[in-house]
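Colleague: Questions regarding the structure given below will be posed in turn.
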Amino acid sequence: MTASLERAVERGRPLHWDVIAVTSKYEPDPASIPLFLREHVGVDPNDAAVVLDLAAIGITNGTWRNSPLEDWHGEGRIHDGGMLRANVATTKLVRSILDDHLDNAFAYAGEELVATEDLAELDSDFTDELFADVFQRLSDPDRVLPDGRTLGQLAGKQLDELADHMDQALGGVAASAERRGLDFAAQRAALHGGLACDHWWGTPWWPDVVAGFLARLEDPHHRHWGEAGERYARLPAQPVEVADRRRLGALLLNTPEALSEDAAEFCVTAGIRFVTEPVRAWKAAHGASTAS
């Protein structure tokens, strides 16, 4: 473990933000990233499917969520439910772009991507093209968000500001891949996703989070709602999609972006992101430390 990582652990955090943030200029020791994926996320760093799922989350968080979008959120241009849906839709878009490029690259060679280490074989031209495509698709003003608006309509005159942020963020990921290989860049983005966004759709423990959330909705006395259930009592009326638990579960598991605005807003208000016990339990069952 590097000295900076040791200091981060001593401060009570598994990793300092600069170590995991895909937009950071700081670049950790390459050997530390697989180690921390195992020790703090509980995933096999050489499992390409899981790493790419988490990498898509990390890239989405760094380029889309932690961007001028946060200011627009604060201004009320996009509400909590809309943010939840847009985050999922954007994560799926990033993952589909990764799939398209990687499937084509490995199919051309007559191979199938299974191990993350195989990404090291891809050259910088491939990486540049990959992240240029991610940038173009994410910053497209005609990209339709789950609420029906285009990105251009949401951003208005500040679209260039968002595009500049995306360009810098994705340029940093591409530069990291060029220096260390796409395997390293994907693992680092996965570490970001697995630690900073462990409440997001697309994580391997998300089904457990959904199950835990549904169980809490059925139990007004669960500690999730406070000692006297006061938070449950303050909940708004349950939208039809929420009252139908089977439908809610199916939507949350597979297509949260298809939730109605009211249902998505209810889930955020009801604290789905604070259903953390299943996350810790999953990680512990897969060999990760849960001390932090």
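Ordering of the structure tokens sets the chain letters (A, B, ...); residue numbers start at 1 within each chain; ligands are numbered from 1 in the order shown.
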Give me the residues near Val279 in chain A as a PyMOL selection string, where near means some atom within 9 Å (using only C-alpha atoms) and where sequence neighbours in that chain fewer than 2 positions away do not count.
Modeller: chain A and resi 198-199+205-206+208-209+275-277+281-284
Colleague: Calculated over only C-alpha atoms, which of the candidates A:Phe126, A:Phe106, A:Phe274, A:Tyr232 has the smallest distance to Glu178 in chain A?
Modeller: A:Phe126
Colleague: Please list as a list in words every residue within 10 Å of Ala186 in chain A, counting only C-alpha atoms and excluding residues in the same chain fewer than 5 positions away.
Modeller: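 Listing them by chain and then by number gives Val22, Pro45, Ala48, Val51, Leu52, Asp53, Leu54, Ala55, Ala56, Gly58, Ile59, Thr116, Leu119, Val173, Ser176, Ala177, Gly181, Leu191 and His192 of chain A.
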Colleague: Pick the closest to Leu251 in chain A from A:Gly193, A:Leu170, A:Gly62, A:Val88: which is it, counting only C-alpha atoms?
Modeller: A:Val88
Colleague: Would you list the contacts of His73 in chain A as a PyMOL selection string, taking every protein, DNA or RNA residue within 12 Å and counting only C-alpha atoms, but skipping same-chain residues closer than 4 positions in sequence?
Modeller: chain A and resi 65-69+77-84+86+154-155
Colleague: Near range 30-35 of chain A, within 8 Å and counting only C-alpha atoms, which residues show up once chain neighbours fewer than 4 positions away are dropped, as a PDB file with N, CA and C atoms, in the first residue's frame?
Modeller:
ATOM      1  N   MET A   1       0.847  -1.188   0.000  1.00  0.00           N
ATOM      2  CA  MET A   1       0.000   0.000   0.000  1.00  0.00           C
ATOM      3  C   MET A   1       0.885   1.241   0.000  1.00  0.00           C
ATOM      4  N   THR A   2       0.516   2.239  -0.804  1.00  0.00           N
ATOM      5  CA  THR A   2       1.317   3.450  -0.856  1.00  0.00           C
ATOM      6  C   THR A   2       1.096   4.275   0.398  1.00  0.00           C
ATOM      7  N   GLU A  39     -10.178  -5.372  -1.499  1.00  0.00           N
ATOM      8  CA  GLU A  39     -10.258  -5.160  -0.062  1.00  0.00           C
ATOM      9  C   GLU A  39     -11.396  -4.240   0.364  1.00  0.00           C
ATOM     10  N   ASP A  44     -13.556  -9.015  -7.835  1.00  0.00           N
ATOM     11  CA  ASP A  44     -12.350  -9.516  -8.481  1.00  0.00           C
ATOM     12  C   ASP A  44     -11.913  -8.495  -9.520  1.00  0.00           C
ATOM     13  N   PRO A  45     -10.752  -7.875  -9.369  1.00  0.00           N
ATOM     14  CA  PRO A  45     -10.328  -6.841 -10.307  1.00  0.00           C
ATOM     15  C   PRO A  45     -10.099  -7.351 -11.729  1.00  0.00           C
ATOM     16  N   ARG A 180      -1.128   4.031 -18.509  1.00  0.00           N
ATOM     17  CA  ARG A 180      -1.097   2.782 -17.739  1.00  0.00           C
ATOM     18  C   ARG A 180      -1.828   1.622 -18.388  1.00  0.00           C
ATOM     19  N   PHE A 184      -6.017  -0.549 -16.342  1.00  0.00           N
ATOM     20  CA  PHE A 184      -5.835   0.293 -15.170  1.00  0.00           C
ATOM     21  C   PHE A 184      -6.918   1.361 -15.092  1.00  0.00           C
ATOM     22  N   GLN A 187     -10.215  -0.175 -14.057  1.00  0.00           N
ATOM     23  CA  GLN A 187     -10.224  -0.566 -12.643  1.00  0.00           C
ATOM     24  C   GLN A 187     -10.311   0.655 -11.736  1.00  0.00           C
ATOM     25  N   ARG A 188      -9.622   1.709 -12.107  1.00  0.00           N
ATOM     26  CA  ARG A 188      -9.687   2.911 -11.276  1.00  0.00           C
ATOM     27  C   ARG A 188     -11.086   3.519 -11.307  1.00  0.00           C
ATOM     28  N   LEU A 191     -13.264   1.465  -9.140  1.00  0.00           N
ATOM     29  CA  LEU A 191     -13.064   1.757  -7.728  1.00  0.00           C
ATOM     30  C   LEU A 191     -13.861   2.993  -7.327  1.00  0.00           C
TER      31      LEU A 191
END
Colleague: Of the residues A:Ser139, A:Ile57, A:Leu162, A:Arg280, which is the one nearest to Cys197 in chain A, using only C-alpha atoms?
Modeller: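 Closest to Cys197 in chain A, using only C-alpha atoms: A:Ile57.
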Colleague: Compile the contact shell of Gly148 in chain A as an MDAnalysis selection string: residues with an atom at most 12 Å away, counting only C-alpha atoms, same-chain residues fewer than 2 positions apart removed.
Modeller: chainID A and resid 78 82 85:86 142:146 150:154 257:258 260:261
Colleague: Would you write out those residues with N, CA and C atoms, as a PDB file, in the first residue's frame?
Modeller:
ATOM      1  N   ILE A  78     -33.664  20.319 -12.374  1.00  0.00           N
ATOM      2  CA  ILE A  78     -33.900  18.877 -12.349  1.00  0.00           C
ATOM      3  C   ILE A  78     -34.022  18.471 -10.889  1.00  0.00           C
ATOM      4  N   GLY A  82     -35.808  13.090 -10.959  1.00  0.00           N
ATOM      5  CA  GLY A  82     -35.258  13.219 -12.303  1.00  0.00           C
ATOM      6  C   GLY A  82     -33.776  12.922 -12.333  1.00  0.00           C
ATOM      7  N   ARG A  85     -33.271   9.120 -12.238  1.00  0.00           N
ATOM      8  CA  ARG A  85     -33.548   8.508 -13.533  1.00  0.00           C
ATOM      9  C   ARG A  85     -32.473   8.850 -14.567  1.00  0.00           C
ATOM     10  N   ALA A  86     -32.027  10.109 -14.549  1.00  0.00           N
ATOM     11  CA  ALA A  86     -31.013  10.525 -15.521  1.00  0.00           C
ATOM     12  C   ALA A  86     -29.675   9.847 -15.250  1.00  0.00           C
ATOM     13  N   ASP A 142     -29.093  16.771 -28.368  1.00  0.00           N
ATOM     14  CA  ASP A 142     -30.338  16.093 -28.722  1.00  0.00           C
ATOM     15  C   ASP A 142     -30.556  14.810 -27.921  1.00  0.00           C
ATOM     16  N   ARG A 143     -29.637  14.506 -26.998  1.00  0.00           N
ATOM     17  CA  ARG A 143     -29.827  13.316 -26.158  1.00  0.00           C
ATOM     18  C   ARG A 143     -31.075  13.506 -25.309  1.00  0.00           C
ATOM     19  N   VAL A 144     -31.984  12.534 -25.387  1.00  0.00           N
ATOM     20  CA  VAL A 144     -33.258  12.652 -24.673  1.00  0.00           C
ATOM     21  C   VAL A 144     -33.119  12.046 -23.282  1.00  0.00           C
ATOM     22  N   LEU A 145     -33.460  12.825 -22.274  1.00  0.00           N
ATOM     23  CA  LEU A 145     -33.405  12.392 -20.889  1.00  0.00           C
ATOM     24  C   LEU A 145     -34.719  11.688 -20.516  1.00  0.00           C
ATOM     25  N   PRO A 146     -34.723  10.936 -19.427  1.00  0.00           N
ATOM     26  CA  PRO A 146     -35.933  10.192 -19.062  1.00  0.00           C
ATOM     27  C   PRO A 146     -37.175  11.047 -18.852  1.00  0.00           C
ATOM     28  N   THR A 150     -34.626  17.187 -23.901  1.00  0.00           N
ATOM     29  CA  THR A 150     -33.299  16.925 -24.433  1.00  0.00           C
ATOM     30  C   THR A 150     -32.267  17.548 -23.494  1.00  0.00           C
ATOM     31  N   LEU A 151     -31.024  17.102 -23.643  1.00  0.00           N
ATOM     32  CA  LEU A 151     -29.955  17.695 -22.842  1.00  0.00           C
ATOM     33  C   LEU A 151     -29.852  19.189 -23.126  1.00  0.00           C
ATOM     34  N   GLY A 152     -30.031  19.565 -24.394  1.00  0.00           N
ATOM     35  CA  GLY A 152     -29.973  20.975 -24.746  1.00  0.00           C
ATOM     36  C   GLY A 152     -31.038  21.794 -24.039  1.00  0.00           C
ATOM     37  N   GLN A 153     -32.224  21.234 -23.892  1.00  0.00           N
ATOM     38  CA  GLN A 153     -33.296  21.936 -23.198  1.00  0.00           C
ATOM     39  C   GLN A 153     -32.994  22.080 -21.710  1.00  0.00           C
ATOM     40  N   LEU A 154     -32.417  21.061 -21.113  1.00  0.00           N
ATOM     41  CA  LEU A 154     -32.048  21.146 -19.699  1.00  0.00           C
ATOM     42  C   LEU A 154     -30.914  22.145 -19.495  1.00  0.00           C
ATOM     43  N   GLU A 257     -34.898   4.141 -14.682  1.00  0.00           N
ATOM     44  CA  GLU A 257     -35.116   5.324 -15.513  1.00  0.00           C
ATOM     45  C   GLU A 257     -36.542   5.387 -16.057  1.00  0.00           C
ATOM     46  N   ALA A 258     -37.263   4.247 -16.039  1.00  0.00           N
ATOM     47  CA  ALA A 258     -38.639   4.195 -16.535  1.00  0.00           C
ATOM     48  C   ALA A 258     -39.664   4.488 -15.448  1.00  0.00           C
ATOM     49  N   SER A 260     -42.013   6.642 -13.092  1.00  0.00           N
ATOM     50  CA  SER A 260     -42.611   7.959 -13.253  1.00  0.00           C
ATOM     51  C   SER A 260     -41.848   8.956 -12.382  1.00  0.00           C
ATOM     52  N   GLU A 261     -42.007  10.222 -12.692  1.00  0.00           N
ATOM     53  CA  GLU A 261     -41.328  11.243 -11.887  1.00  0.00           C
ATOM     54  C   GLU A 261     -41.765  11.162 -10.424  1.00  0.00           C
TER      55      GLU A 261
END
Colleague: Identify all residues of range 18-201 of chain A in helix (DSSP H, G or I) (DSSP on the backbone) and supply them as JSON, numbers by chain.
Modeller: {"A": [18, 19, 20, 32, 33, 34, 35, 36, 37, 38, 39, 40, 41, 48, 49, 50, 51, 52, 53, 54, 55, 56, 57, 58, 59, 60, 61, 62, 63, 64, 65, 69, 70, 71, 72, 73, 74, 80, 81, 82, 83, 84, 85, 86, 87, 88, 89, 90, 91, 92, 93, 94, 95, 96, 97, 98, 99, 100, 101, 102, 103, 104, 105, 106, 107, 108, 116, 117, 118, 119, 120, 121, 124, 125, 126, 127, 128, 129, 130, 131, 132, 133, 134, 135, 136, 137, 138, 151, 152, 153, 154, 155, 156, 157, 158, 159, 160, 161, 162, 163, 164, 165, 166, 167, 168, 169, 170, 171, 172, 173, 174, 175, 176, 177, 178, 179, 180, 182, 183, 184, 185, 186, 187, 188, 189, 190, 191, 192, 193, 194, 195, 196]}
Colleague: Pick out the closest residue to Trp64 in chain A from this set: A:Thr90, A:Asn46, A:Asn254, A:Gln136. Count only C-alpha atoms.
Modeller: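 That would be A:Thr90, the residue with the smallest distance to Trp64 in chain A.
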